[in-house]
Every structure is written in C-alpha cells, then in structure tokens.
$ cat target_16.cif   # mmCIF, N, CA, C and O atoms
data_work
loop_
_atom_site.label_atom_id
_atom_site.label_comp_id
_atom_site.auth_asym_id
_atom_site.auth_seq_id
_atom_site.Cartn_x
_atom_site.Cartn_y
_atom_site.Cartn_z
N MET I 1155 87.33 109.16 65.39
CA MET I 1155 87.09 107.78 65.73
C MET I 1155 85.82 107.70 66.58
O MET I 1155 85.67 108.39 67.58
N CYS I 1156 84.90 106.87 66.20
CA CYS I 1156 83.64 106.72 66.93
C CYS I 1156 83.82 105.66 68.02
O CYS I 1156 84.13 104.52 67.74
N THR I 1157 83.67 106.10 69.26
CA THR I 1157 83.72 105.20 70.39
C THR I 1157 82.35 105.20 71.03
O THR I 1157 81.83 106.25 71.37
N ASN I 1158 81.79 104.03 71.18
CA ASN I 1158 80.45 103.98 71.74
C ASN I 1158 80.32 102.71 72.57
O ASN I 1158 79.85 101.71 72.08
N ILE I 1159 80.77 102.77 73.81
CA ILE I 1159 80.65 101.65 74.73
C ILE I 1159 79.42 101.92 75.59
O ILE I 1159 79.26 103.01 76.14
N LEU I 1160 78.55 100.94 75.72
CA LEU I 1160 77.34 101.08 76.52
C LEU I 1160 77.09 99.79 77.28
O LEU I 1160 77.00 98.72 76.69
N ILE I 1161 77.00 99.90 78.61
CA ILE I 1161 76.73 98.76 79.48
C ILE I 1161 75.58 99.13 80.39
O ILE I 1161 75.55 100.22 80.97
N HIS I 1162 74.60 98.23 80.53
CA HIS I 1162 73.45 98.45 81.40
C HIS I 1162 73.52 97.49 82.58
O HIS I 1162 73.99 96.37 82.45
N THR I 1163 73.00 97.92 83.72
CA THR I 1163 72.82 97.03 84.86
C THR I 1163 71.56 97.42 85.61
O THR I 1163 71.26 98.61 85.74
N GLN I 1164 70.82 96.43 86.04
CA GLN I 1164 69.62 96.68 86.85
C GLN I 1164 70.05 97.01 88.27
O GLN I 1164 71.02 96.45 88.78
N LEU I 1165 69.35 97.93 88.91
CA LEU I 1165 69.66 98.37 90.25
C LEU I 1165 68.41 98.39 91.12
O LEU I 1165 67.30 98.39 90.61
N GLU I 1166 68.64 98.47 92.41
CA GLU I 1166 67.57 98.70 93.37
C GLU I 1166 68.08 99.77 94.33
O GLU I 1166 69.01 99.54 95.09
N GLY I 1167 67.52 100.96 94.24
CA GLY I 1167 67.99 102.06 95.07
C GLY I 1167 67.14 103.29 94.85
O GLY I 1167 66.01 103.21 94.38
N ALA I 1168 67.71 104.45 95.18
CA ALA I 1168 67.00 105.72 95.03
C ALA I 1168 68.00 106.80 94.64
O ALA I 1168 69.18 106.72 94.97
N GLY I 1169 67.52 107.79 93.91
CA GLY I 1169 68.33 108.93 93.51
C GLY I 1169 67.58 110.22 93.79
O GLY I 1169 66.36 110.22 93.94
N PHE I 1170 68.31 111.31 93.83
CA PHE I 1170 67.70 112.62 94.08
C PHE I 1170 67.87 113.47 92.83
O PHE I 1170 68.99 113.70 92.37
N GLY I 1171 66.78 113.95 92.28
CA GLY I 1171 66.83 114.76 91.06
C GLY I 1171 66.05 116.04 91.22
O GLY I 1171 65.75 116.49 92.33
N ARG I 1172 65.69 116.63 90.11
CA ARG I 1172 65.00 117.93 90.09
C ARG I 1172 63.68 117.93 90.85
O ARG I 1172 63.28 118.95 91.40
N LYS I 1173 63.01 116.81 90.87
CA LYS I 1173 61.70 116.73 91.53
C LYS I 1173 61.75 115.93 92.82
O LYS I 1173 60.73 115.44 93.28
N GLY I 1174 62.93 115.80 93.40
CA GLY I 1174 63.06 115.06 94.66
C GLY I 1174 63.53 113.63 94.43
O GLY I 1174 64.11 113.31 93.41
N TRP I 1175 63.26 112.78 95.41
CA TRP I 1175 63.71 111.40 95.38
C TRP I 1175 62.87 110.58 94.40
O TRP I 1175 61.68 110.81 94.24
N PHE I 1176 63.54 109.62 93.74
CA PHE I 1176 62.86 108.72 92.82
C PHE I 1176 63.56 107.36 92.86
O PHE I 1176 64.72 107.26 93.24
N PRO I 1177 62.84 106.29 92.50
CA PRO I 1177 63.47 104.97 92.48
C PRO I 1177 64.56 104.92 91.41
O PRO I 1177 64.42 105.54 90.36
N VAL I 1178 65.63 104.21 91.67
CA VAL I 1178 66.66 103.96 90.67
C VAL I 1178 66.60 102.48 90.33
O VAL I 1178 66.78 101.63 91.20
N THR I 1179 66.28 102.20 89.08
CA THR I 1179 66.09 100.82 88.66
C THR I 1179 67.16 100.34 87.68
O THR I 1179 67.23 99.16 87.38
N ARG I 1180 67.98 101.27 87.20
CA ARG I 1180 68.96 100.90 86.17
C ARG I 1180 70.09 101.91 86.16
O ARG I 1180 69.89 103.09 86.44
N ALA I 1181 71.28 101.44 85.81
CA ALA I 1181 72.40 102.32 85.51
C ALA I 1181 72.85 102.05 84.08
O ALA I 1181 72.96 100.90 83.66
N ASN I 1182 73.07 103.12 83.35
CA ASN I 1182 73.64 103.05 82.01
C ASN I 1182 75.05 103.61 82.11
O ASN I 1182 75.23 104.78 82.46
N VAL I 1183 76.03 102.80 81.82
CA VAL I 1183 77.43 103.23 81.88
C VAL I 1183 77.96 103.29 80.45
O VAL I 1183 77.89 102.30 79.71
N THR I 1184 78.45 104.47 80.07
CA THR I 1184 78.95 104.64 78.70
C THR I 1184 80.36 105.21 78.70
O THR I 1184 80.81 105.80 79.68
N TYR I 1185 81.03 105.02 77.60
CA TYR I 1185 82.30 105.69 77.32
C TYR I 1185 82.11 106.34 75.96
O TYR I 1185 82.00 105.67 74.94
N ASP I 1186 82.02 107.65 75.97
CA ASP I 1186 81.69 108.35 74.74
C ASP I 1186 82.06 109.82 74.91
O ASP I 1186 82.69 110.20 75.89
N HIS I 1187 81.64 110.67 73.99
CA HIS I 1187 81.91 112.10 74.07
C HIS I 1187 81.04 112.72 75.16
O HIS I 1187 79.82 112.57 75.13
N PRO I 1188 81.63 113.42 76.13
CA PRO I 1188 80.83 114.03 77.20
C PRO I 1188 80.19 115.32 76.74
O PRO I 1188 80.59 115.92 75.74
N PHE I 1189 79.19 115.75 77.50
CA PHE I 1189 78.50 117.01 77.20
C PHE I 1189 79.02 118.16 78.03
O PHE I 1189 78.99 119.30 77.59
N HIS I 1190 79.49 117.89 79.26
CA HIS I 1190 79.77 118.99 80.18
C HIS I 1190 81.20 119.10 80.67
O HIS I 1190 81.55 120.10 81.29
N ILE I 1191 82.04 118.09 80.47
CA ILE I 1191 83.44 118.25 80.85
C ILE I 1191 84.27 118.30 79.59
O ILE I 1191 83.93 117.72 78.58
N ASP I 1192 85.35 119.01 79.67
CA ASP I 1192 86.18 119.27 78.50
C ASP I 1192 87.17 118.14 78.26
O ASP I 1192 88.36 118.27 78.55
N LEU I 1193 86.64 117.03 77.78
CA LEU I 1193 87.45 115.86 77.42
C LEU I 1193 86.97 115.33 76.08
O LEU I 1193 85.82 115.54 75.69
N GLU I 1194 87.84 114.62 75.40
CA GLU I 1194 87.44 113.97 74.16
C GLU I 1194 86.45 112.84 74.45
O GLU I 1194 85.47 112.65 73.74
N HIS I 1195 86.73 112.05 75.52
CA HIS I 1195 85.85 110.95 75.93
C HIS I 1195 85.77 110.94 77.45
O HIS I 1195 86.69 111.39 78.13
N ALA I 1196 84.68 110.40 77.97
CA ALA I 1196 84.50 110.28 79.41
C ALA I 1196 83.64 109.05 79.70
O ALA I 1196 82.93 108.56 78.83
N VAL I 1197 83.75 108.58 80.93
CA VAL I 1197 82.84 107.55 81.41
C VAL I 1197 81.63 108.29 81.99
O VAL I 1197 81.78 109.18 82.82
N THR I 1198 80.46 107.93 81.51
CA THR I 1198 79.23 108.55 81.99
C THR I 1198 78.39 107.48 82.67
O THR I 1198 78.24 106.39 82.14
N VAL I 1199 77.87 107.82 83.84
CA VAL I 1199 76.96 106.93 84.55
C VAL I 1199 75.63 107.65 84.67
O VAL I 1199 75.57 108.76 85.21
N ASP I 1200 74.59 107.06 84.14
CA ASP I 1200 73.23 107.58 84.27
C ASP I 1200 72.47 106.63 85.19
O ASP I 1200 72.32 105.45 84.89
N PHE I 1201 72.00 107.17 86.32
CA PHE I 1201 71.16 106.42 87.23
C PHE I 1201 69.73 106.80 86.89
O PHE I 1201 69.38 107.99 86.93
N VAL I 1202 68.90 105.83 86.52
CA VAL I 1202 67.57 106.15 86.00
C VAL I 1202 66.48 105.27 86.61
O VAL I 1202 66.73 104.16 87.07
N ASP I 1203 65.27 105.82 86.59
CA ASP I 1203 64.05 105.05 86.80
C ASP I 1203 63.42 104.95 85.43
O ASP I 1203 62.91 105.95 84.90
N GLU I 1204 63.47 103.79 84.83
CA GLU I 1204 63.00 103.63 83.46
C GLU I 1204 61.56 104.09 83.26
O GLU I 1204 61.19 104.58 82.20
N ALA I 1205 60.75 104.00 84.30
CA ALA I 1205 59.34 104.40 84.19
C ALA I 1205 59.15 105.90 84.39
O ALA I 1205 58.09 106.43 84.07
N GLY I 1206 60.16 106.60 84.88
CA GLY I 1206 59.99 108.00 85.25
C GLY I 1206 60.36 109.03 84.22
O GLY I 1206 60.23 110.22 84.47
N GLY I 1207 60.87 108.62 83.09
CA GLY I 1207 61.24 109.58 82.05
C GLY I 1207 62.46 110.42 82.42
O GLY I 1207 63.24 110.07 83.30
N LEU I 1208 62.63 111.56 81.75
CA LEU I 1208 63.82 112.39 81.93
C LEU I 1208 63.92 113.03 83.31
O LEU I 1208 65.01 113.39 83.75
N ASP I 1209 62.81 113.19 84.01
CA ASP I 1209 62.87 113.77 85.35
C ASP I 1209 63.38 112.78 86.39
O ASP I 1209 63.64 113.15 87.52
N ALA I 1210 63.48 111.51 86.03
CA ALA I 1210 63.94 110.48 86.95
C ALA I 1210 65.31 109.97 86.47
O ALA I 1210 65.49 108.81 86.14
N ARG I 1211 66.27 110.89 86.43
CA ARG I 1211 67.61 110.57 85.92
C ARG I 1211 68.63 111.45 86.61
O ARG I 1211 68.41 112.64 86.80
N VAL I 1212 69.74 110.83 86.99
CA VAL I 1212 70.89 111.58 87.49
C VAL I 1212 72.09 111.11 86.68
O VAL I 1212 72.39 109.91 86.64
N GLY I 1213 72.74 112.02 86.00
CA GLY I 1213 73.88 111.68 85.17
C GLY I 1213 75.17 112.25 85.74
O GLY I 1213 75.17 113.34 86.31
N VAL I 1214 76.26 111.48 85.59
CA VAL I 1214 77.57 111.90 86.07
C VAL I 1214 78.59 111.59 84.97
O VAL I 1214 78.61 110.48 84.44
N GLU I 1215 79.43 112.58 84.63
CA GLU I 1215 80.52 112.37 83.67
C GLU I 1215 81.84 112.38 84.44
O GLU I 1215 82.09 113.30 85.23
N LEU I 1216 82.67 111.37 84.20
CA LEU I 1216 83.92 111.20 84.94
C LEU I 1216 85.08 110.92 83.99
O LEU I 1216 84.89 110.32 82.94
N THR I 1217 86.27 111.32 84.42
CA THR I 1217 87.46 110.86 83.71
C THR I 1217 87.58 109.36 83.96
O THR I 1217 87.00 108.82 84.92
N VAL I 1218 88.34 108.67 83.15
CA VAL I 1218 88.54 107.24 83.35
C VAL I 1218 89.18 106.98 84.71
O VAL I 1218 88.77 106.08 85.45
N ALA I 1219 90.15 107.79 85.10
CA ALA I 1219 90.81 107.62 86.40
C ALA I 1219 89.81 107.83 87.55
O ALA I 1219 89.82 107.08 88.53
N SER I 1220 88.94 108.82 87.42
CA SER I 1220 87.93 109.05 88.46
C SER I 1220 86.92 107.92 88.51
O SER I 1220 86.48 107.52 89.59
N ALA I 1221 86.52 107.40 87.36
CA ALA I 1221 85.59 106.27 87.32
C ALA I 1221 86.21 105.04 88.00
O ALA I 1221 85.55 104.34 88.77
N ARG I 1222 87.49 104.80 87.74
CA ARG I 1222 88.19 103.68 88.39
C ARG I 1222 88.26 103.89 89.89
O ARG I 1222 88.02 102.98 90.68
N ALA I 1223 88.58 105.12 90.33
CA ALA I 1223 88.65 105.41 91.76
C ALA I 1223 87.28 105.21 92.42
O ALA I 1223 87.18 104.68 93.54
N LEU I 1224 86.21 105.63 91.74
CA LEU I 1224 84.87 105.43 92.27
C LEU I 1224 84.55 103.95 92.38
O LEU I 1224 84.00 103.49 93.39
N ALA I 1225 84.88 103.18 91.35
CA ALA I 1225 84.64 101.73 91.39
C ALA I 1225 85.38 101.08 92.55
O ALA I 1225 84.83 100.25 93.27
N GLU I 1226 86.63 101.48 92.76
CA GLU I 1226 87.42 100.93 93.87
C GLU I 1226 86.81 101.32 95.22
O GLU I 1226 86.75 100.50 96.14
N ALA I 1227 86.34 102.56 95.35
CA ALA I 1227 85.72 103.02 96.60
C ALA I 1227 84.41 102.25 96.86
O ALA I 1227 84.13 101.86 98.00
N LEU I 1228 83.63 102.03 95.82
CA LEU I 1228 82.39 101.26 95.97
C LEU I 1228 82.69 99.83 96.42
O LEU I 1228 82.03 99.30 97.32
N LEU I 1229 83.68 99.20 95.81
CA LEU I 1229 84.05 97.83 96.19
C LEU I 1229 84.55 97.77 97.63
O LEU I 1229 84.21 96.85 98.38
N ALA I 1230 85.34 98.76 98.04
CA ALA I 1230 85.85 98.80 99.41
C ALA I 1230 84.71 98.98 100.40
O ALA I 1230 84.65 98.32 101.44
N ALA I 1231 83.77 99.88 100.09
CA ALA I 1231 82.62 100.10 100.97
C ALA I 1231 81.76 98.85 101.07
O ALA I 1231 81.29 98.49 102.16
N CYS I 1232 81.57 98.14 99.96
CA CYS I 1232 80.79 96.90 99.97
C CYS I 1232 81.48 95.84 100.81
O CYS I 1232 80.83 95.13 101.59
N ALA I 1233 82.79 95.72 100.69
CA ALA I 1233 83.54 94.74 101.48
C ALA I 1233 83.41 95.04 102.97
O ALA I 1233 83.20 94.13 103.79
N GLU I 1234 83.52 96.31 103.35
CA GLU I 1234 83.37 96.67 104.77
C GLU I 1234 81.94 96.45 105.25
O GLU I 1234 81.73 95.99 106.38
N ALA I 1235 80.95 96.75 104.41
CA ALA I 1235 79.56 96.53 104.79
C ALA I 1235 79.28 95.04 104.99
O ALA I 1235 78.61 94.65 105.95
N GLU I 1236 79.81 94.21 104.10
CA GLU I 1236 79.63 92.76 104.23
C GLU I 1236 80.32 92.23 105.48
O GLU I 1236 79.77 91.37 106.18
N ALA I 1237 81.48 92.74 105.79
CA ALA I 1237 82.19 92.33 107.01
C ALA I 1237 81.38 92.73 108.24
O ALA I 1237 81.25 91.95 109.20
N TYR I 1238 80.84 93.93 108.24
CA TYR I 1238 80.02 94.41 109.35
C TYR I 1238 78.78 93.54 109.53
O TYR I 1238 78.45 93.14 110.63
N GLU I 1239 78.11 93.26 108.41
CA GLU I 1239 76.88 92.47 108.48
C GLU I 1239 77.12 91.04 108.94
O GLU I 1239 76.22 90.41 109.48
N SER I 1240 78.32 90.53 108.71
CA SER I 1240 78.63 89.15 109.14
C SER I 1240 79.25 89.12 110.53
O SER I 1240 79.76 88.10 110.96
N GLY I 1241 79.23 90.26 111.23
CA GLY I 1241 79.71 90.29 112.59
C GLY I 1241 81.13 90.78 112.76
O GLY I 1241 81.63 90.90 113.88
N GLY I 1242 81.80 91.11 111.69
CA GLY I 1242 83.15 91.67 111.76
C GLY I 1242 83.09 93.15 112.05
O GLY I 1242 82.04 93.78 112.06
N ALA I 1243 84.23 93.72 112.32
CA ALA I 1243 84.29 95.15 112.62
C ALA I 1243 84.49 95.93 111.33
O ALA I 1243 85.27 95.55 110.48
N ALA I 1244 83.77 97.01 111.21
CA ALA I 1244 83.96 97.93 110.08
C ALA I 1244 84.78 99.10 110.57
O ALA I 1244 84.77 99.46 111.73
N ARG I 1245 85.48 99.70 109.63
CA ARG I 1245 86.24 100.91 109.93
C ARG I 1245 85.26 102.01 110.30
O ARG I 1245 84.16 102.07 109.80
N GLY I 1246 85.63 102.93 111.14
CA GLY I 1246 84.67 103.98 111.38
C GLY I 1246 85.11 104.84 112.47
O GLY I 1246 84.72 105.78 112.91
#
$ encode --input "target_16.cif" --output "structure tokens"
Amino acid sequence: MCTNILIHTQLEGAGFGRKGWFPVTRANVTYDHPFHIDLEHAVTVDFVDEAGGLDARVGVELTVASARALAEALLAACAEAEAYESGGAARG
C-alpha cells in the first residue's frame, strides 16, 4: 500500500547540521517509509533552509506515538512561554 502524506509549513528559526548553524525556513512533515528506523511507516520531519540545499537540512524519523508526544511537548512549551511573556509564572 502506497502511503504518501506530505505537509509543509514555513518556519523562522535555526538548525545545526554538518556545516554548523543555518537558517530554518521550512518544515516538511511526511508519513511514509523511513530510511533509518525499522518500521513500515514513520513520521518524518525535515527542517530545511530552502536556499541552502542538502547541507542545510536536519531530518528526524519518529514513530507515530513519538511524533504525537513531541507535538504535545511543543504545545505545552508554547503555552508556558506565552504565559511567561504575558506576566504569568512559568514552571521552572
């Protein structure tokens, strides 16, 4: 069965790769056959600088459960950061 889910989002940030730090301008999130983990399918997140070519890319392959846990952790961190920035107390 061919599964090919691909979602793009524009980003503003930085990543660390083979040649050091580079701008991160986009994330490509896929659900497809992984290259490095022994699963039939995985969620892959590629953080890329579209102008930087292959040297400006960091890829991560995750199980679906791990991808969900990461998404939940990101949302929790954003909620705490927003609370902190608005004058509330952050955990720490």
$ closest_residue --input "target_16.cif" --among "I:Phe1176, I:Ala1225, I:Val1212, I:Asn1182" --to "I:Gln1164" --atoms "only N, CA, C and O atoms"
I:Asn1182
$ atom_distance --input "target_16.cif" --atom1 "atom C of I:Gly1213" --atom2 "atom C of I:Thr1198"
6.5 Å
$ atom_distance --input "target_16.cif" --atom1 "atom O of I:Glu1215" --atom2 "atom N of I:Pro1188"
9.1 Å
$ atom_distance --input "target_16.cif" --atom1 "atom C of I:Asp1203" --atom2 "atom CA of I:Ala1231"
25.2 Å
$ closest_residue --input "target_16.cif" --among "I:Glu1204, I:Glu1194, I:Glu1236, I:Asp1186" --to "I:Ile1161" --atoms "only C-alpha atoms"
I:Asp1186
$ resolve_selection --input "target_16.cif" --expression "the PyMOL selection byres (((chain I and resi 1202 and name CA) around 8) and name CA)" --output "number ranges by chain"
I: 1177-1182, 1200-1201, 1203-1204, 1206, 1210-1212
$ select_by_dssp --input "target_16.cif" --residues "chain I" --states "helix (DSSP H, G or I)" --output "list of chain:residue names"
I:Gly1207, I:Leu1208, I:Asp1209, I:Val1218, I:Ala1219, I:Ser1220, I:Ala1221, I:Arg1222, I:Ala1223, I:Leu1224, I:Ala1225, I:Glu1226, I:Ala1227, I:Leu1228, I:Leu1229, I:Ala1230, I:Ala1231, I:Cys1232, I:Ala1233, I:Glu1234, I:Ala1235, I:Glu1236, I:Ala1237, I:Tyr1238, I:Glu1239
$ residues_around --input "target_16.cif" --residues "I:Leu1160" --least-positions-apart "3" --cutoff "7 Å" --atoms "all atoms listed in the file" --output "VMD selection string"
chain I and resid 1182 to 1185
$ closest_residue --input "target_16.cif" --among "I:Ala1230, I:Arg1222, I:Glu1166, I:Arg1172" --to "I:Leu1208" --atoms "all atoms listed in the file"
I:Arg1172
$ closest_residue --input "target_16.cif" --among "I:Leu1228, I:Ile1159, I:Ala1235, I:Ala1223" --to "I:Ala1196" --atoms "all atoms listed in the file"
I:Ile1159
$ axis_aligned_box --input "target_16.cif" --around "stretch 1196-1208 of chain I" --padding-each-side "6 Å" --output "JSON"
{"center_x": 71.4, "center_y": 108.5, "center_z": 82.6, "size_x": 38.6, "size_y": 21.8, "size_z": 21.3}
$ select_by_dssp --input "target_16.cif" --residues "chain I" --states "strand (DSSP E or B)" --output "MDAnalysis selection string"
chainID I and resid 1159:1171 1174:1186 1196:1202 1211:1216
$ closest_residue --input "target_16.cif" --among "I:His1187, I:Asp1209, I:Asn1158, I:Leu1224" --to "I:Gly1171" --atoms "only N, CA, C and O atoms"
I:Asp1209
$ build_atoms --input "target_16.cif" --residues "stretch 1232-1243 of chain I" --atoms "all heavy atoms" --output "PDB file, in the coordinates of the input"
ATOM      1  N   CYS I1232      81.570  98.140  99.960  1.00  0.00           N
ATOM      2  CA  CYS I1232      80.790  96.900  99.970  1.00  0.00           C
ATOM      3  C   CYS I1232      81.480  95.840 100.810  1.00  0.00           C
ATOM      4  O   CYS I1232      80.830  95.130 101.590  1.00  0.00           O
ATOM      5  CB  CYS I1232      80.561  96.385  98.549  1.00  0.00           C
ATOM      6  SG  CYS I1232      79.388  97.379  97.609  1.00  0.00           S
ATOM      7  N   ALA I1233      82.790  95.720 100.690  1.00  0.00           N
ATOM      8  CA  ALA I1233      83.540  94.740 101.480  1.00  0.00           C
ATOM      9  C   ALA I1233      83.410  95.040 102.970  1.00  0.00           C
ATOM     10  O   ALA I1233      83.200  94.130 103.790  1.00  0.00           O
ATOM     11  CB  ALA I1233      85.012  94.719 101.059  1.00  0.00           C
ATOM     12  N   GLU I1234      83.520  96.310 103.350  1.00  0.00           N
ATOM     13  CA  GLU I1234      83.370  96.670 104.770  1.00  0.00           C
ATOM     14  C   GLU I1234      81.940  96.450 105.250  1.00  0.00           C
ATOM     15  O   GLU I1234      81.730  95.990 106.380  1.00  0.00           O
ATOM     16  CB  GLU I1234      83.808  98.116 105.000  1.00  0.00           C
ATOM     17  CG  GLU I1234      85.317  98.269 104.898  1.00  0.00           C
ATOM     18  CD  GLU I1234      85.807  99.588 105.467  1.00  0.00           C
ATOM     19  OE1 GLU I1234      85.200 100.115 106.421  1.00  0.00           O
ATOM     20  OE2 GLU I1234      86.819 100.083 104.940  1.00  0.00           O
ATOM     21  N   ALA I1235      80.950  96.750 104.410  1.00  0.00           N
ATOM     22  CA  ALA I1235      79.560  96.530 104.790  1.00  0.00           C
ATOM     23  C   ALA I1235      79.280  95.040 104.990  1.00  0.00           C
ATOM     24  O   ALA I1235      78.610  94.650 105.950  1.00  0.00           O
ATOM     25  CB  ALA I1235      78.625  97.104 103.724  1.00  0.00           C
ATOM     26  N   GLU I1236      79.810  94.210 104.100  1.00  0.00           N
ATOM     27  CA  GLU I1236      79.630  92.760 104.230  1.00  0.00           C
ATOM     28  C   GLU I1236      80.320  92.230 105.480  1.00  0.00           C
ATOM     29  O   GLU I1236      79.770  91.370 106.180  1.00  0.00           O
ATOM     30  CB  GLU I1236      80.125  92.052 102.976  1.00  0.00           C
ATOM     31  CG  GLU I1236      79.246  92.315 101.772  1.00  0.00           C
ATOM     32  CD  GLU I1236      79.859  91.916 100.458  1.00  0.00           C
ATOM     33  OE1 GLU I1236      81.085  91.731 100.363  1.00  0.00           O
ATOM     34  OE2 GLU I1236      79.087  91.801  99.490  1.00  0.00           O
ATOM     35  N   ALA I1237      81.480  92.740 105.790  1.00  0.00           N
ATOM     36  CA  ALA I1237      82.190  92.330 107.010  1.00  0.00           C
ATOM     37  C   ALA I1237      81.380  92.730 108.240  1.00  0.00           C
ATOM     38  O   ALA I1237      81.250  91.950 109.200  1.00  0.00           O
ATOM     39  CB  ALA I1237      83.590  92.945 107.068  1.00  0.00           C
ATOM     40  N   TYR I1238      80.840  93.930 108.240  1.00  0.00           N
ATOM     41  CA  TYR I1238      80.020  94.410 109.350  1.00  0.00           C
ATOM     42  C   TYR I1238      78.780  93.540 109.530  1.00  0.00           C
ATOM     43  O   TYR I1238      78.450  93.140 110.630  1.00  0.00           O
ATOM     44  CB  TYR I1238      79.635  95.874 109.116  1.00  0.00           C
ATOM     45  CG  TYR I1238      78.691  96.400 110.164  1.00  0.00           C
ATOM     46  CD1 TYR I1238      79.161  96.806 111.406  1.00  0.00           C
ATOM     47  CD2 TYR I1238      77.323  96.494 109.886  1.00  0.00           C
ATOM     48  CE1 TYR I1238      78.286  97.277 112.373  1.00  0.00           C
ATOM     49  CE2 TYR I1238      76.448  96.973 110.852  1.00  0.00           C
ATOM     50  CZ  TYR I1238      76.935  97.354 112.080  1.00  0.00           C
ATOM     51  OH  TYR I1238      76.084  97.824 113.039  1.00  0.00           O
ATOM     52  N   GLU I1239      78.110  93.260 108.410  1.00  0.00           N
ATOM     53  CA  GLU I1239      76.880  92.470 108.480  1.00  0.00           C
ATOM     54  C   GLU I1239      77.120  91.040 108.940  1.00  0.00           C
ATOM     55  O   GLU I1239      76.220  90.410 109.480  1.00  0.00           O
ATOM     56  CB  GLU I1239      76.162  92.491 107.127  1.00  0.00           C
ATOM     57  CG  GLU I1239      75.558  93.852 106.812  1.00  0.00           C
ATOM     58  CD  GLU I1239      74.906  93.928 105.457  1.00  0.00           C
ATOM     59  OE1 GLU I1239      74.956  92.944 104.681  1.00  0.00           O
ATOM     60  OE2 GLU I1239      74.345  95.009 105.150  1.00  0.00           O
ATOM     61  N   SER I1240      78.320  90.530 108.710  1.00  0.00           N
ATOM     62  CA  SER I1240      78.630  89.150 109.140  1.00  0.00           C
ATOM     63  C   SER I1240      79.250  89.120 110.530  1.00  0.00           C
ATOM     64  O   SER I1240      79.760  88.100 110.960  1.00  0.00           O
ATOM     65  CB  SER I1240      79.543  88.479 108.120  1.00  0.00           C
ATOM     66  OG  SER I1240      80.820  89.088 108.125  1.00  0.00           O
ATOM     67  N   GLY I1241      79.230  90.260 111.230  1.00  0.00           N
ATOM     68  CA  GLY I1241      79.710  90.290 112.590  1.00  0.00           C
ATOM     69  C   GLY I1241      81.130  90.780 112.760  1.00  0.00           C
ATOM     70  O   GLY I1241      81.630  90.900 113.880  1.00  0.00           O
ATOM     71  N   GLY I1242      81.800  91.110 111.690  1.00  0.00           N
ATOM     72  CA  GLY I1242      83.150  91.670 111.760  1.00  0.00           C
ATOM     73  C   GLY I1242      83.090  93.150 112.050  1.00  0.00           C
ATOM     74  O   GLY I1242      82.040  93.780 112.060  1.00  0.00           O
ATOM     75  N   ALA I1243      84.230  93.720 112.320  1.00  0.00           N
ATOM     76  CA  ALA I1243      84.290  95.150 112.620  1.00  0.00           C
ATOM     77  C   ALA I1243      84.490  95.930 111.330  1.00  0.00           C
ATOM     78  O   ALA I1243      85.270  95.550 110.480  1.00  0.00           O
ATOM     79  CB  ALA I1243      85.442  95.441 113.574  1.00  0.00           C
TER      80      ALA I1243
END
